[in-house]
$ cat start_34.pdb   # PDB, C-alpha atoms
MODEL        1
ATOM      1  CA  MET A  21     138.845   1.994 139.669
ATOM      2  CA  LEU A  22     137.418   3.600 136.550
ATOM      3  CA  ASN A  23     133.669   4.082 136.755
ATOM      4  CA  LEU A  24     132.451   3.210 133.278
ATOM      5  CA  VAL A  25     128.808   3.418 134.335
ATOM      6  CA  LYS A  26     129.057   7.215 134.065
ATOM      7  CA  GLY A  27     129.733   6.740 130.358
ATOM      8  CA  LEU A  28     126.423   4.958 129.758
ATOM      9  CA  PRO A  29     122.882   6.251 129.411
ATOM     10  CA  ASP A  30     120.837   5.980 132.611
ATOM     11  CA  ASP A  31     118.320   3.744 130.864
ATOM     12  CA  TRP A  32     120.892   1.536 129.098
ATOM     13  CA  PRO A  33     119.533  -2.024 129.385
ATOM     14  CA  LEU A  34     122.944  -3.673 129.033
ATOM     15  CA  LYS A  35     124.463  -1.945 132.078
ATOM     16  CA  VAL A  36     126.022  -4.132 134.755
ATOM     17  CA  ASN A  37     126.621  -2.720 138.203
ATOM     18  CA  GLY A  38     129.667  -4.297 139.737
ATOM     19  CA  ASN A  39     131.167  -7.225 137.910
ATOM     20  CA  SER A  40     128.532  -9.836 138.629
ATOM     21  CA  ILE A  41     128.614 -12.972 136.493
ATOM     22  CA  ASP A  42     124.893 -13.423 137.206
ATOM     23  CA  ALA A  43     124.172  -9.926 135.871
ATOM     24  CA  TYR A  44     126.126 -10.657 132.677
ATOM     25  CA  MET A  45     124.314 -13.967 132.234
ATOM     26  CA  HIS A  46     120.990 -12.158 132.640
ATOM     27  CA  ILE A  47     122.009  -9.666 129.939
ATOM     28  CA  PHE A  48     123.093 -12.341 127.472
ATOM     29  CA  ASN A  49     120.281 -14.814 128.155
ATOM     30  CA  ASP A  50     117.332 -12.514 128.757
ATOM     31  CA  ILE A  51     117.943  -9.030 127.435
ATOM     32  CA  VAL A  52     120.078  -9.389 124.298
ATOM     33  CA  ALA A  53     118.004 -12.281 123.035
ATOM     34  CA  LYS A  54     114.774 -10.272 123.304
ATOM     35  CA  GLU A  55     115.804  -6.635 122.862
ATOM     36  CA  ASP A  56     115.373  -4.784 119.583
ATOM     37  CA  LYS A  57     118.944  -4.470 118.361
ATOM     38  CA  ASP A  58     118.104  -1.529 116.092
ATOM     39  CA  LYS A  59     116.690   0.296 119.117
ATOM     40  CA  LEU A  60     119.851  -0.436 121.119
ATOM     41  CA  GLY A  61     121.948   0.872 118.242
ATOM     42  CA  ARG A  62     119.935   4.095 118.051
ATOM     43  CA  MET A  63     120.164   4.575 121.806
ATOM     44  CA  ALA A  64     123.930   4.096 121.733
ATOM     45  CA  HIS A  65     124.368   6.395 118.744
ATOM     46  CA  ASP A  66     122.209   9.165 120.180
ATOM     47  CA  PHE A  67     123.930   9.015 123.570
ATOM     48  CA  ALA A  68     127.421   9.012 122.055
ATOM     49  CA  ALA A  69     126.580  11.905 119.741
ATOM     50  CA  ALA A  70     125.152  13.955 122.624
ATOM     51  CA  LYS A  71     127.919  13.231 125.131
ATOM     52  CA  PHE A  72     131.009  12.653 123.014
ATOM     53  CA  GLY A  73     130.385  14.464 119.739
ATOM     54  CA  VAL A  74     132.966  16.924 118.438
ATOM     55  CA  ARG A  75     130.724  19.961 119.011
ATOM     56  CA  GLN A  76     129.941  18.979 122.606
ATOM     57  CA  MET A  77     133.584  18.220 123.368
ATOM     58  CA  GLN A  78     134.717  21.520 121.852
ATOM     59  CA  THR A  79     132.153  23.451 123.890
ATOM     60  CA  SER A  80     133.254  21.699 127.092
ATOM     61  CA  TYR A  81     136.907  22.378 126.284
ATOM     62  CA  GLU A  82     136.226  26.048 125.659
ATOM     63  CA  LYS A  83     134.313  26.373 128.941
ATOM     64  CA  ALA A  84     137.149  24.728 130.845
ATOM     65  CA  TYR A  85     140.167  26.363 129.225
ATOM     66  CA  CYS A  86     139.228  29.465 127.272
ATOM     67  CA  SER A  87     137.415  31.293 130.037
ATOM     68  CA  LYS A  88     140.510  31.447 132.258
TER      69      LYS A  88
ENDMDL
END

$ encode --input "start_34.pdb" --output "structure tokens"
Amino acid sequence: MLNLVKGLPDDWPLKVNGNSIDAYMHIFNDIVAKEDKDKLGRMAHDFAAAKFGVRQMQTSYEKAYCSK
């Protein structure tokens, strides 16, 4: 099973552990309705840029393949 949680920030408020319907309902009813959507967007953007940006991916690739 693919662990998608590793691809999310540790403090990501929309994270669901497992596949619990109750957890999803809590996200939709309690968190999304009250959370600052601009803040969520910034968090997602900053995390993606840091973890999956071209520069970071190139550096990781070079460490893994060019040093051998």

$ residues_around --input "start_34.pdb" --residues "Leu34 in chain A" --least-positions-apart "4" --cutoff "10 Å" --atoms "all atoms listed in the file" --output "number ranges by chain"
A: 28-29, 43-44, 46-48, 51-52, 55, 60

$ atom_distance --input "start_34.pdb" --atom1 "CA of Ala70 in chain A" --atom2 "CA of Lys57 in chain A"
19.9 Å

$ atom_distance --input "start_34.pdb" --atom1 "CA of Val36 in chain A" --atom2 "CA of Asp50 in chain A"
13.5 Å

$ atom_distance --input "start_34.pdb" --atom1 "CA of His65 in chain A" --atom2 "CA of Ala84 in chain A"
25.4 Å
